[in-house]
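Heads up, upload.csv below (CSV, C-alpha atoms (C1' of nucleotides)):
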```csv
chain,number,residue,atom,x,y,z
A,1,MET,CA,-34.9,264.4,20.8
A,2,GLU,CA,-35.2,263.8,24.5
A,3,ASP,CA,-38.6,265.4,24.4
A,4,MET,CA,-39.8,263.1,21.7
A,5,HIS,CA,-38.9,260.0,23.7
A,6,VAL,CA,-40.8,261.4,26.7
A,7,ALA,CA,-43.8,262.2,24.5
A,8,VAL,CA,-43.9,258.8,22.9
A,9,GLN,CA,-43.5,257.1,26.3
A,10,GLN,CA,-46.5,259.1,27.6
A,11,ASP,CA,-48.6,258.0,24.7
A,12,ASP,CA,-47.7,254.4,25.3
A,13,ILE,CA,-48.6,254.8,29.0
A,14,GLU,CA,-52.0,256.3,28.1
A,15,GLN,CA,-52.6,253.6,25.5
A,16,LYS,CA,-51.9,250.8,28.0
A,17,GLU,CA,-54.1,252.5,30.7
A,18,LYS,CA,-57.0,252.7,28.3
A,19,LEU,CA,-56.6,249.1,27.2
A,20,ARG,CA,-56.7,248.1,30.9
A,21,LEU,CA,-59.8,250.1,31.3
A,22,TRP,CA,-61.5,248.3,28.5
A,23,VAL,CA,-60.5,244.9,29.8
A,24,ARG,CA,-62.0,245.8,33.2
A,25,LEU,CA,-65.1,247.3,31.7
A,26,LEU,CA,-65.7,244.2,29.6
A,27,ARG,CA,-65.0,241.9,32.6
A,28,ALA,CA,-67.4,243.7,34.8
A,29,SER,CA,-70.0,243.7,32.2
A,30,ARG,CA,-69.5,239.9,31.6
A,31,MET,CA,-69.7,239.1,35.2
A,32,ILE,CA,-73.0,240.9,35.7
A,33,GLU,CA,-74.4,239.6,32.5
A,34,ALA,CA,-73.6,236.0,33.4
A,35,GLU,CA,-75.2,236.4,36.8
A,36,LEU,CA,-78.3,238.0,35.3
A,37,ARG,CA,-78.6,235.3,32.7
A,38,ASN,CA,-78.6,232.7,35.4
A,39,ARG,CA,-81.2,234.5,37.5
A,40,PHE,CA,-83.5,235.1,34.6
A,41,ALA,CA,-83.3,231.5,33.6
A,42,VAL,CA,-84.0,230.2,37.1
A,43,GLU,CA,-86.7,232.7,38.2
A,44,PHE,CA,-88.5,233.5,34.9
A,45,ASN,CA,-87.4,230.8,32.5
A,46,THR,CA,-86.3,233.4,30.1
A,47,THR,CA,-83.2,235.0,28.7
A,48,LEU,CA,-81.5,238.4,28.8
A,49,PRO,CA,-82.1,239.2,25.1
A,50,ARG,CA,-85.8,238.5,25.6
A,51,PHE,CA,-85.9,240.8,28.6
A,52,ASP,CA,-84.1,243.5,26.6
A,53,VAL,CA,-86.7,243.3,23.9
A,54,MET,CA,-89.6,243.4,26.3
A,55,ALA,CA,-88.0,246.4,28.2
A,56,ALA,CA,-87.8,248.3,24.9
A,57,LEU,CA,-91.4,247.5,24.1
A,58,ASP,CA,-92.5,248.5,27.6
A,59,ARG,CA,-90.7,251.9,27.1
A,60,PHE,CA,-92.6,252.5,23.9
A,61,PRO,CA,-96.2,251.5,24.6
A,62,ASP,CA,-97.4,252.6,21.1
A,63,GLY,CA,-95.3,249.9,19.6
A,64,MET,CA,-92.1,249.8,17.6
A,65,LEU,CA,-91.0,248.7,14.1
A,66,MET,CA,-88.6,245.8,13.9
A,67,SER,CA,-85.9,248.2,12.7
A,68,ASP,CA,-86.6,250.6,15.7
A,69,LEU,CA,-86.0,247.6,18.0
A,70,SER,CA,-82.7,246.6,16.5
A,71,ARG,CA,-81.4,250.1,16.3
A,72,TYR,CA,-82.4,250.8,19.9
A,73,LEU,CA,-80.9,247.6,21.2
A,74,LEU,CA,-77.8,247.8,19.1
A,75,VAL,CA,-78.3,244.4,17.7
A,76,SER,CA,-78.7,243.2,14.1
A,77,ASN,CA,-81.9,243.2,12.2
A,78,GLY,CA,-82.2,239.5,11.7
A,79,ASN,CA,-81.6,238.9,15.4
A,80,VAL,CA,-84.7,240.6,16.4
A,81,THR,CA,-86.8,238.5,14.1
A,82,GLY,CA,-86.1,235.3,15.9
A,83,ILE,CA,-86.6,236.7,19.4
A,84,ILE,CA,-89.9,238.4,18.5
A,85,GLU,CA,-91.0,235.2,16.8
A,86,ARG,CA,-90.7,233.2,20.1
A,87,LEU,CA,-92.3,236.0,22.2
A,88,VAL,CA,-95.2,236.2,19.8
A,89,GLN,CA,-95.7,232.4,20.0
A,90,GLU,CA,-95.8,232.6,23.8
A,91,GLY,CA,-98.3,235.4,23.7
A,92,PHE,CA,-96.2,238.1,25.3
A,93,VAL,CA,-95.9,240.2,22.1
A,94,SER,CA,-98.3,241.0,19.3
A,95,ARG,CA,-97.6,242.1,15.8
A,96,ALA,CA,-100.0,244.5,14.1
A,97,LYS,CA,-99.9,245.1,10.4
A,98,ARG,CA,-100.1,248.8,9.6
A,99,GLU,CA,-102.6,250.3,7.3
A,100,GLY,CA,-100.5,252.4,5.0
A,101,ASP,CA,-97.3,250.4,4.8
A,102,LYS,CA,-97.4,246.8,3.9
A,103,ARG,CA,-93.8,246.2,4.7
A,104,THR,CA,-93.8,247.2,8.3
A,105,SER,CA,-95.5,245.6,11.3
A,106,ILE,CA,-95.8,247.3,14.7
A,107,VAL,CA,-94.8,245.1,17.6
A,108,SER,CA,-95.9,245.7,21.2
A,109,LEU,CA,-96.4,244.0,24.5
A,110,THR,CA,-99.7,242.2,25.1
A,111,ALA,CA,-101.4,242.6,28.4
A,112,GLU,CA,-99.8,239.4,29.6
A,113,GLY,CA,-96.4,240.5,28.4
A,114,CYS,CA,-96.8,243.8,30.2
A,115,ALA,CA,-97.7,242.2,33.4
A,116,LEU,CA,-94.8,239.7,33.2
A,117,PHE,CA,-92.4,242.5,32.3
A,118,ALA,CA,-93.4,244.5,35.4
A,119,GLN,CA,-92.5,241.5,37.6
A,120,MET,CA,-89.2,240.9,35.8
A,121,ALA,CA,-88.2,244.6,35.8
A,122,ASP,CA,-88.7,244.8,39.5
A,123,ALA,CA,-86.6,241.7,40.1
A,124,HIS,CA,-84.0,243.0,37.6
A,125,GLU,CA,-83.6,246.3,39.5
A,126,ARG,CA,-83.2,244.5,42.8
A,127,TRP,CA,-80.7,242.1,41.4
A,128,VAL,CA,-78.5,244.7,39.8
A,129,SER,CA,-78.6,247.0,42.8
A,130,ALA,CA,-77.5,244.0,44.9
A,131,TYR,CA,-74.6,243.2,42.6
A,132,LEU,CA,-73.4,246.8,43.0
A,133,ASN,CA,-74.0,247.0,46.7
A,134,ALA,CA,-70.3,247.5,47.5
A,135,MET,CA,-70.4,250.8,45.6
A,136,SER,CA,-71.5,254.0,47.2
A,137,LEU,CA,-74.2,256.2,45.7
A,138,ASP,CA,-71.6,258.8,45.0
A,139,GLU,CA,-69.3,256.4,43.2
A,140,ALA,CA,-72.2,255.1,41.2
A,141,ARG,CA,-73.1,258.6,40.1
A,142,THR,CA,-69.5,259.4,39.1
A,143,LEU,CA,-69.1,256.2,37.2
A,144,SER,CA,-72.5,256.6,35.5
A,145,GLY,CA,-71.6,260.2,34.5
A,146,MET,CA,-68.3,259.2,33.0
A,147,LEU,CA,-70.0,256.4,31.0
A,148,GLU,CA,-72.7,258.8,29.8
A,149,SER,CA,-70.2,261.3,28.6
A,150,PHE,CA,-68.3,258.6,26.9
A,151,ARG,CA,-71.4,257.6,25.0
A,152,SER,CA,-72.2,261.1,24.0
A,153,ASN,CA,-68.7,261.5,22.5
A,154,TRP,CA,-68.9,258.2,20.7
A,155,GLU,CA,-69.9,259.5,17.3
A,156,ASP,CA,-66.4,261.0,16.8
A,157,HIS,CA,-64.9,257.7,15.6
A,158,SER,CA,-68.0,255.7,14.9
A,159,PRO,CA,-68.3,255.3,11.1
A,160,GLU,CA,-71.2,256.4,8.9
B,1,MET,CA,-92.6,257.2,60.8
B,2,GLU,CA,-91.5,260.1,58.7
B,3,ASP,CA,-87.9,258.9,59.0
B,4,MET,CA,-88.9,255.5,57.5
B,5,HIS,CA,-90.4,257.1,54.5
B,6,VAL,CA,-87.2,259.1,53.9
B,7,ALA,CA,-85.1,256.0,54.3
B,8,VAL,CA,-87.1,254.0,51.9
B,9,GLN,CA,-87.1,256.8,49.4
B,10,GLN,CA,-83.3,257.0,49.7
B,11,ASP,CA,-83.0,253.2,49.0
B,12,ASP,CA,-85.1,253.6,46.0
B,13,ILE,CA,-83.1,256.4,44.7
B,14,GLU,CA,-79.9,254.4,45.2
B,15,GLN,CA,-81.4,251.3,43.5
B,16,LYS,CA,-82.5,253.4,40.5
B,17,GLU,CA,-79.1,255.1,40.2
B,18,LYS,CA,-77.4,251.7,40.2
B,19,LEU,CA,-79.7,250.4,37.6
B,20,ARG,CA,-78.9,253.3,35.4
B,21,LEU,CA,-75.2,252.7,35.9
B,22,TRP,CA,-75.6,249.1,34.8
B,23,VAL,CA,-77.5,250.2,31.7
B,24,ARG,CA,-74.8,252.6,30.8
B,25,LEU,CA,-72.0,250.1,31.5
B,26,LEU,CA,-73.7,247.6,29.3
B,27,ARG,CA,-74.2,250.1,26.5
B,28,ALA,CA,-70.6,251.3,26.5
B,29,SER,CA,-69.4,247.7,26.5
B,30,ARG,CA,-71.7,246.8,23.6
B,31,MET,CA,-70.7,249.8,21.5
B,32,ILE,CA,-67.0,249.0,21.9
B,33,GLU,CA,-67.5,245.3,21.3
B,34,ALA,CA,-69.4,245.9,18.1
B,35,GLU,CA,-66.7,248.2,16.8
B,36,LEU,CA,-64.0,245.7,17.7
B,37,ARG,CA,-65.8,242.8,16.2
B,38,ASN,CA,-66.1,244.8,13.0
B,39,ARG,CA,-62.4,245.7,13.0
B,40,PHE,CA,-61.3,242.2,13.7
B,41,ALA,CA,-63.4,240.9,10.9
B,42,VAL,CA,-62.2,243.4,8.3
B,43,GLU,CA,-58.5,243.6,9.2
B,44,PHE,CA,-57.8,240.0,10.4
B,45,ASN,CA,-60.8,238.0,9.2
B,46,THR,CA,-61.3,236.8,12.7
B,47,THR,CA,-63.6,237.2,15.7
B,48,LEU,CA,-63.3,238.4,19.3
B,49,PRO,CA,-63.7,235.0,20.9
B,50,ARG,CA,-60.9,233.7,18.8
B,51,PHE,CA,-58.8,236.6,19.8
B,52,ASP,CA,-59.6,236.0,23.4
B,53,VAL,CA,-58.5,232.3,23.1
B,54,MET,CA,-55.3,233.3,21.4
B,55,ALA,CA,-54.6,235.9,24.1
B,56,ALA,CA,-55.0,233.3,26.8
B,57,LEU,CA,-52.7,230.9,25.0
B,58,ASP,CA,-50.2,233.6,24.4
B,59,ARG,CA,-50.2,234.3,28.1
B,60,PHE,CA,-49.4,230.6,28.9
B,61,PRO,CA,-46.7,229.6,26.5
B,62,ASP,CA,-46.4,226.1,28.0
B,63,GLY,CA,-49.9,225.4,26.9
B,64,MET,CA,-53.3,225.0,28.6
B,65,LEU,CA,-55.8,222.2,29.1
B,66,MET,CA,-59.2,222.7,27.6
B,67,SER,CA,-60.6,223.1,31.0
B,68,ASP,CA,-58.0,225.6,32.0
B,69,LEU,CA,-59.1,227.7,29.0
B,70,SER,CA,-62.7,227.6,29.8
B,71,ARG,CA,-62.1,228.5,33.4
B,72,TYR,CA,-59.8,231.3,32.5
B,73,LEU,CA,-62.1,232.8,29.9
B,74,LEU,CA,-65.3,232.3,32.0
B,75,VAL,CA,-67.0,230.4,29.2
B,76,SER,CA,-68.5,227.0,29.0
B,77,ASN,CA,-66.5,223.8,28.4
B,78,GLY,CA,-68.2,222.9,25.1
B,79,ASN,CA,-67.7,226.4,23.8
B,80,VAL,CA,-63.9,226.1,23.8
B,81,THR,CA,-64.0,222.9,21.8
B,82,GLY,CA,-65.4,224.5,18.7
B,83,ILE,CA,-63.2,227.6,18.7
B,84,ILE,CA,-60.1,225.5,19.2
B,85,GLU,CA,-61.3,223.2,16.5
B,86,ARG,CA,-61.2,226.0,13.9
B,87,LEU,CA,-58.0,227.5,15.1
B,88,VAL,CA,-56.3,224.1,14.9
B,89,GLN,CA,-57.6,223.6,11.3
B,90,GLU,CA,-56.1,226.9,10.3
B,91,GLY,CA,-52.8,226.1,11.9
B,92,PHE,CA,-52.7,228.7,14.6
B,93,VAL,CA,-53.1,226.3,17.5
B,94,SER,CA,-51.7,222.8,18.1
B,95,ARG,CA,-53.0,220.0,20.3
B,96,ALA,CA,-50.6,217.7,22.0
B,97,LYS,CA,-51.7,214.5,23.8
B,98,ARG,CA,-50.0,214.1,27.1
B,99,GLU,CA,-48.0,211.0,28.1
B,100,GLY,CA,-49.5,210.1,31.5
B,101,ASP,CA,-53.1,211.1,31.0
B,102,LYS,CA,-55.0,210.0,27.9
B,103,ARG,CA,-58.0,212.2,28.7
B,104,THR,CA,-56.3,215.5,28.5
B,105,SER,CA,-54.8,217.4,25.6
B,106,ILE,CA,-52.5,220.4,25.9
B,107,VAL,CA,-53.3,223.2,23.5
B,108,SER,CA,-50.8,226.0,22.6
B,109,LEU,CA,-50.1,228.6,19.9
B,110,THR,CA,-48.1,227.5,16.9
B,111,ALA,CA,-45.3,229.8,15.7
B,112,GLU,CA,-47.8,231.1,13.1
B,113,GLY,CA,-50.4,231.7,15.8
B,114,CYS,CA,-47.9,233.5,17.9
B,115,ALA,CA,-46.8,235.8,15.1
B,116,LEU,CA,-50.4,236.5,14.1
B,117,PHE,CA,-51.4,237.2,17.7
B,118,ALA,CA,-48.6,239.8,18.1
B,119,GLN,CA,-50.0,241.7,15.2
B,120,MET,CA,-53.5,241.5,16.4
B,121,ALA,CA,-52.7,242.5,20.0
B,122,ASP,CA,-50.9,245.6,18.7
B,123,ALA,CA,-53.8,246.6,16.6
B,124,HIS,CA,-56.3,245.8,19.4
B,125,GLU,CA,-54.5,248.2,21.8
B,126,ARG,CA,-54.4,251.0,19.2
B,127,TRP,CA,-58.1,250.6,18.4
B,128,VAL,CA,-59.3,250.5,22.0
B,129,SER,CA,-57.2,253.5,22.9
B,130,ALA,CA,-58.7,255.4,19.9
B,131,TYR,CA,-62.2,254.6,21.0
B,132,LEU,CA,-61.4,256.1,24.4
B,133,ASN,CA,-59.6,259.2,23.1
B,134,ALA,CA,-62.2,261.6,24.4
B,135,MET,CA,-61.3,260.5,27.9
B,136,SER,CA,-58.3,261.9,29.8
B,137,LEU,CA,-55.7,259.7,31.3
B,138,ASP,CA,-56.8,260.7,34.8
B,139,GLU,CA,-60.4,259.8,34.0
B,140,ALA,CA,-59.4,256.5,32.6
B,141,ARG,CA,-57.4,255.7,35.8
B,142,THR,CA,-60.3,256.7,38.0
B,143,LEU,CA,-62.8,254.6,36.0
B,144,SER,CA,-60.4,251.7,35.8
B,145,GLY,CA,-59.8,251.8,39.6
B,146,MET,CA,-63.5,251.8,40.4
B,147,LEU,CA,-64.1,248.8,38.1
B,148,GLU,CA,-61.2,246.9,39.6
B,149,SER,CA,-62.5,247.5,43.1
B,150,PHE,CA,-65.9,246.3,41.9
B,151,ARG,CA,-64.4,243.1,40.6
B,152,SER,CA,-62.5,242.4,43.8
B,153,ASN,CA,-65.7,242.8,45.8
B,154,TRP,CA,-67.6,240.6,43.5
B,155,GLU,CA,-67.3,237.4,45.4
B,156,ASP,CA,-69.7,238.7,48.1
B,157,HIS,CA,-72.8,237.9,46.2
B,158,SER,CA,-71.5,235.4,43.7
B,159,PRO,CA,-72.6,231.9,44.6
B,160,GLU,CA,-70.3,228.9,45.3
C,1,DG,C1',-96.6,257.4,-14.7
C,2,DA,C1',-92.0,255.0,-15.2
C,3,DT,C1',-87.9,254.2,-13.3
C,4,DA,C1',-84.4,254.3,-9.8
C,5,DA,C1',-83.2,254.6,-5.1
C,6,DA,C1',-84.0,253.9,-0.4
C,7,DA,C1',-86.2,251.7,3.4
C,8,DT,C1',-88.2,247.6,5.8
C,9,DA,C1',-88.3,242.9,7.0
C,10,DT,C1',-87.0,238.2,6.6
C,11,DT,C1',-84.1,234.3,5.5
C,12,DT,C1',-79.8,232.0,5.3
C,13,DA,C1',-75.2,230.3,6.7
C,14,DA,C1',-71.7,230.4,9.9
C,15,DG,C1',-70.0,231.1,14.3
C,16,DC,C1',-70.6,231.8,19.4
C,17,DA,C1',-72.6,230.3,23.8
C,18,DT,C1',-74.9,227.6,27.3
C,19,DG,C1',-76.1,223.4,30.0
C,20,DA,C1',-76.9,218.7,30.0
C,21,DA,C1',-75.8,214.2,28.6
C,22,DA,C1',-72.7,211.0,26.7
C,23,DT,C1',-68.0,209.1,26.3
C,24,DA,C1',-63.7,207.9,27.8
C,25,DG,C1',-59.9,207.7,31.0
C,26,DT,C1',-58.0,207.7,35.9
C,27,DG,C1',-57.4,206.2,40.4
C,28,DG,C1',-58.7,204.6,44.8
C,29,DA,C1',-61.4,201.4,48.3
C,30,DG,C1',-62.6,197.2,49.2
D,1,DC,C1',-59.4,192.7,40.4
D,2,DT,C1',-63.7,195.1,40.5
D,3,DC,C1',-66.5,198.6,41.4
D,4,DC,C1',-67.2,203.4,42.1
D,5,DA,C1',-66.3,208.2,42.0
D,6,DC,C1',-64.0,211.6,39.8
D,7,DT,C1',-61.9,214.3,35.8
D,8,DA,C1',-61.6,215.7,31.0
D,9,DT,C1',-63.5,216.3,26.8
D,10,DT,C1',-66.9,216.0,23.3
D,11,DT,C1',-71.6,216.0,21.5
D,12,DC,C1',-76.2,217.6,21.4
D,13,DA,C1',-80.2,220.7,21.5
D,14,DT,C1',-81.4,225.3,21.8
D,15,DG,C1',-80.9,230.0,21.3
D,16,DC,C1',-78.3,234.4,20.3
D,17,DT,C1',-75.6,237.0,16.8
D,18,DT,C1',-73.8,238.8,12.6
D,19,DA,C1',-73.4,239.8,7.7
D,20,DA,C1',-75.0,239.1,3.4
D,21,DA,C1',-78.6,238.0,0.2
D,22,DT,C1',-83.4,238.4,-1.0
D,23,DA,C1',-88.0,240.2,-1.4
D,24,DT,C1',-91.2,243.7,-1.0
D,25,DT,C1',-92.9,248.3,-0.6
D,26,DT,C1',-92.4,253.1,-0.5
D,27,DT,C1',-90.5,257.4,-2.0
D,28,DA,C1',-88.0,260.5,-5.1
D,29,DT,C1',-86.8,262.0,-9.7
D,30,DC,C1',-87.6,262.9,-14.0
```
Rewrite the structure from the file as structure tokens, please.
Amino acid sequence: MEDMHVAVQQDDIEQKEKLRLWVRLLRASRMIEAELRNRFAVEFNTTLPRFDVMAALDRFPDGMLMSDLSRYLLVSNGNVTGIIERLVQEGFVSRAKREGDKRTSIVSLTAEGCALFAQMADAHERWVSAYLNAMSLDEARTLSGMLESFRSNWEDHSPE
Amino acid sequence: MEDMHVAVQQDDIEQKEKLRLWVRLLRASRMIEAELRNRFAVEFNTTLPRFDVMAALDRFPDGMLMSDLSRYLLVSNGNVTGIIERLVQEGFVSRAKREGDKRTSIVSLTAEGCALFAQMADAHERWVSAYLNAMSLDEARTLSGMLESFRSNWEDHSPE
DNA sequence: GATAAAATATTTAAGCATGAAATAGTGGAG
DNA sequence: CTCCACTATTTCATGCTTAAATATTTTATC
């Protein structure tokens, strides 16, 4: 009986500690995101979602399907449509119809988009590294490792 | 000369490691957020931003000004207006005009809102803790501590 | 080959989010 | 009292985001 109380209390402590972790993770993420949003707006007149899309396309030079993009970026299908729409209009992304399949179109960066992304990626890396300058390299590696192992264990409770 | 190369290379390694950390942090945050959004929609027919607002109001039972809310939640002024609007219509939040100052209105949870929030907060804690179940209590504490020290050092590069 | 099932992409409606401008109220200096 | 600066809130334009509905094409099954 006594043991049960102790066990339950332990569970509760663990639950609360993990809730606190989540709150702090979210807060850190929001702070950095807000700062980046601001920088991207000021320096490149663009947004974070646009940068994310261009980063994905830069990583896959042969192009991606719309559904590849949304899966890779963890955003919804319809979301990508609008972002790509604007990027195409501004000449940074091109859509190519594919021979065999009339549903799909392969999107990729144009030469202009590629050049712009190189600049943005460089600035992005410098900004992020500056935001994290109070953290040592070792700490960064530890944190990074823990987050990666979290990600690789994620499927356990994720549905589907 | 040789030393300089080594130093520069070290800086670059550090920059890239911190970029990787940011990418993983963001990814973890997005995965959990997506899962929570889904849960809140299914179980409570509500959204994360609404939960955040109600959590703030629960924390300040005497009520908050609209500007208090937006400052506390790190969101824009106009944003809060719409969310409160809907919560008021559904009877979870009440607005009271203040005697002395006709500009301000004090918003607070109604009894209904309070009761609903208690349920949601409980579920929220259980969900989050389940998402992090692959992580030990010690790991959670370590990670949490690192994120907290990051937050407390944030002001260094944040403007204003 | 016909039909059903799955995959791909877009559109729609509602809500979230921002920054800027508009509106309205307060309070002090002259 | 009047003007001016400040505060609080809302409104607006734009863009992000989702889920659900729709349309189209491809693939599988018989």
Name the closest residue to chain C among the candidates B:Asn79, B:Ser136, B:Gln15, B:Gln10; distances are taken between atoms, counting all atoms listed in the file.
B:Asn79
Please determine the contact residues of chain D with respect to chain A at a cut-off of 7 Å, counting all atoms listed in the file, and supply them as a PDB file with C-alpha atoms (C1' of nucleotides), in the coordinates of the input.
```
ATOM      1  C1'  DT D  17     -75.600 237.000  16.800  1.00  0.00           C
ATOM      2  C1'  DT D  18     -73.800 238.800  12.600  1.00  0.00           C
ATOM      3  C1'  DT D  24     -91.200 243.700  -1.000  1.00  0.00           C
ATOM      4  C1'  DT D  25     -92.900 248.300  -0.600  1.00  0.00           C
TER       5       DT D  25
END
```
Pull the closest atom pair for each residue of chain B that gets at most 7 Å from chain A, along with the distance in Å to one decimal, counting all atoms listed in the file, ordering rows by chain and then ascending residue number, as JSON lines.
```
{"residue": "B:Glu14", "atom": "CA", "partner": "A:Leu137", "partner_atom": "CA", "distance": 6.0}
{"residue": "B:Gln15", "atom": "CA", "partner": "A:Ser129", "partner_atom": "CA", "distance": 5.2}
{"residue": "B:Glu17", "atom": "CA", "partner": "A:Arg141", "partner_atom": "CA", "distance": 6.9}
{"residue": "B:Lys18", "atom": "CA", "partner": "A:Ser129", "partner_atom": "CA", "distance": 5.5}
{"residue": "B:Leu19", "atom": "CA", "partner": "A:Glu125", "partner_atom": "CA", "distance": 6.0}
{"residue": "B:Leu21", "atom": "CA", "partner": "A:Ser144", "partner_atom": "CA", "distance": 4.8}
{"residue": "B:Arg24", "atom": "CA", "partner": "A:Leu147", "partner_atom": "CA", "distance": 6.1}
{"residue": "B:Leu25", "atom": "CA", "partner": "A:Leu147", "partner_atom": "CA", "distance": 6.6}
{"residue": "B:Leu26", "atom": "CA", "partner": "A:Ser29", "partner_atom": "CA", "distance": 6.1}
{"residue": "B:Ala28", "atom": "CA", "partner": "A:Arg151", "partner_atom": "CA", "distance": 6.5}
{"residue": "B:Ser29", "atom": "CA", "partner": "A:Leu26", "partner_atom": "CA", "distance": 6.0}
{"residue": "B:Glu125", "atom": "CA", "partner": "A:Leu19", "partner_atom": "CA", "distance": 5.9}
{"residue": "B:Val128", "atom": "CA", "partner": "A:Leu19", "partner_atom": "CA", "distance": 6.0}
{"residue": "B:Ser129", "atom": "CA", "partner": "A:Gln15", "partner_atom": "CA", "distance": 5.3}
{"residue": "B:Tyr131", "atom": "CA", "partner": "A:His157", "partner_atom": "CA", "distance": 6.8}
{"residue": "B:Leu132", "atom": "CA", "partner": "A:Lys18", "partner_atom": "CA", "distance": 6.8}
{"residue": "B:Ala134", "atom": "CA", "partner": "A:Asn153", "partner_atom": "CA", "distance": 6.8}
{"residue": "B:Leu137", "atom": "CA", "partner": "A:Glu14", "partner_atom": "CA", "distance": 6.0}
{"residue": "B:Ala140", "atom": "CA", "partner": "A:Lys18", "partner_atom": "CA", "distance": 6.2}
{"residue": "B:Arg141", "atom": "CA", "partner": "A:Glu17", "partner_atom": "CA", "distance": 6.9}
{"residue": "B:Leu143", "atom": "CA", "partner": "A:Leu143", "partner_atom": "CA", "distance": 6.6}
{"residue": "B:Ser144", "atom": "CA", "partner": "A:Leu21", "partner_atom": "CA", "distance": 4.8}
{"residue": "B:Leu147", "atom": "CA", "partner": "A:Arg24", "partner_atom": "CA", "distance": 6.1}
{"residue": "B:Glu148", "atom": "CA", "partner": "A:Arg24", "partner_atom": "CA", "distance": 6.5}
{"residue": "B:Arg151", "atom": "CA", "partner": "A:Ala28", "partner_atom": "CA", "distance": 6.6}
{"residue": "B:Asn153", "atom": "CA", "partner": "A:Ala134", "partner_atom": "CA", "distance": 6.8}
{"residue": "B:His157", "atom": "CA", "partner": "A:Tyr131", "partner_atom": "CA", "distance": 6.7}
```
When you draw a straight line from atom CA of B:Leu69 to atom CA of B:Cys114, how long is it in Å?
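Pair atom CA of B:Leu69 / atom CA of B:Cys114 returns 16.8 Å.
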Got a sec to check which residues sit within 12 Å of (-58.1, 224.6, 14.6), counting all atoms listed in the file, and write them as an mmCIF file with C-alpha atoms, in the coordinates of the input?
```
data_model
loop_
_atom_site.group_PDB
_atom_site.id
_atom_site.type_symbol
_atom_site.label_atom_id
_atom_site.label_comp_id
_atom_site.auth_asym_id
_atom_site.auth_seq_id
_atom_site.Cartn_x
_atom_site.Cartn_y
_atom_site.Cartn_z
ATOM 1 C CA ARG B 50 -60.900 233.700 18.800
ATOM 2 C CA VAL B 53 -58.500 232.300 23.100
ATOM 3 C CA MET B 54 -55.300 233.300 21.400
ATOM 4 C CA VAL B 80 -63.900 226.100 23.800
ATOM 5 C CA THR B 81 -64.000 222.900 21.800
ATOM 6 C CA GLY B 82 -65.400 224.500 18.700
ATOM 7 C CA ILE B 83 -63.200 227.600 18.700
ATOM 8 C CA ILE B 84 -60.100 225.500 19.200
ATOM 9 C CA GLU B 85 -61.300 223.200 16.500
ATOM 10 C CA ARG B 86 -61.200 226.000 13.900
ATOM 11 C CA LEU B 87 -58.000 227.500 15.100
ATOM 12 C CA VAL B 88 -56.300 224.100 14.900
ATOM 13 C CA GLN B 89 -57.600 223.600 11.300
ATOM 14 C CA GLU B 90 -56.100 226.900 10.300
ATOM 15 C CA GLY B 91 -52.800 226.100 11.900
ATOM 16 C CA PHE B 92 -52.700 228.700 14.600
ATOM 17 C CA VAL B 93 -53.100 226.300 17.500
ATOM 18 C CA SER B 94 -51.700 222.800 18.100
ATOM 19 C CA ARG B 95 -53.000 220.000 20.300
ATOM 20 C CA VAL B 107 -53.300 223.200 23.500
ATOM 21 C CA SER B 108 -50.800 226.000 22.600
ATOM 22 C CA LEU B 109 -50.100 228.600 19.900
ATOM 23 C CA THR B 110 -48.100 227.500 16.900
ATOM 24 C CA GLY B 113 -50.400 231.700 15.800
#
```
Using the file's own x, y and z axes, so that the box edges lie along x, y and z, what centre and edge lengths in Å (one decimal) does a box around every listed atom of stretch 19-37 of chain A get when 6 Å is added on each side? Give it as JSON.
```
{"center_x": -67.6, "center_y": 242.7, "center_z": 32.0, "size_x": 34.0, "size_y": 26.8, "size_z": 21.6}
```
Atom CA of B:Arg59 and atom CA of B:Leu36, how far apart in Å?
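According to the coordinates, atom CA of B:Leu36 and atom CA of B:Arg59 are separated by 20.7 Å.
Straight-line separation from atom C1' of C:DT11 to atom CA of A:Tyr72: 22.0 Å.
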In terms of the shortest atom-to-atom distance over all atoms listed in the file, which of C:DA29, C:DA2, C:DA14, C:DA24 is closest to chain B?
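Closest candidate: C:DA24.
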Show me, as a VMD selection string, every residue of chain C with an atom at most 10 Å from chain B, counting only C-alpha atoms (C1' of nucleotides).
chain C and resid 15 to 19 24 to 26
How would stretch 103-107 of chain A look with N, CA, C and O atoms restored, written as an mmCIF file, keeping the file's coordinate frame?
```
data_model
loop_
_atom_site.group_PDB
_atom_site.id
_atom_site.type_symbol
_atom_site.label_atom_id
_atom_site.label_comp_id
_atom_site.auth_asym_id
_atom_site.auth_seq_id
_atom_site.Cartn_x
_atom_site.Cartn_y
_atom_site.Cartn_z
ATOM 1 N N ARG A 103 -95.032 246.805 4.333
ATOM 2 C CA ARG A 103 -93.800 246.200 4.700
ATOM 3 C C ARG A 103 -93.717 246.014 6.239
ATOM 4 O O ARG A 103 -93.372 244.967 6.776
ATOM 5 N N THR A 104 -94.097 247.095 6.912
ATOM 6 C CA THR A 104 -93.800 247.200 8.300
ATOM 7 C C THR A 104 -94.934 246.534 9.175
ATOM 8 O O THR A 104 -96.091 246.455 8.771
ATOM 9 N N SER A 105 -94.534 246.052 10.338
ATOM 10 C CA SER A 105 -95.500 245.600 11.300
ATOM 11 C C SER A 105 -95.085 246.202 12.654
ATOM 12 O O SER A 105 -93.898 246.279 12.966
ATOM 13 N N ILE A 106 -96.069 246.646 13.395
ATOM 14 C CA ILE A 106 -95.800 247.300 14.700
ATOM 15 C C ILE A 106 -95.895 246.229 15.766
ATOM 16 O O ILE A 106 -96.932 245.571 15.899
ATOM 17 N N VAL A 107 -94.824 246.051 16.515
ATOM 18 C CA VAL A 107 -94.800 245.100 17.600
ATOM 19 C C VAL A 107 -94.993 245.780 18.927
ATOM 20 O O VAL A 107 -94.462 246.863 19.125
#
```
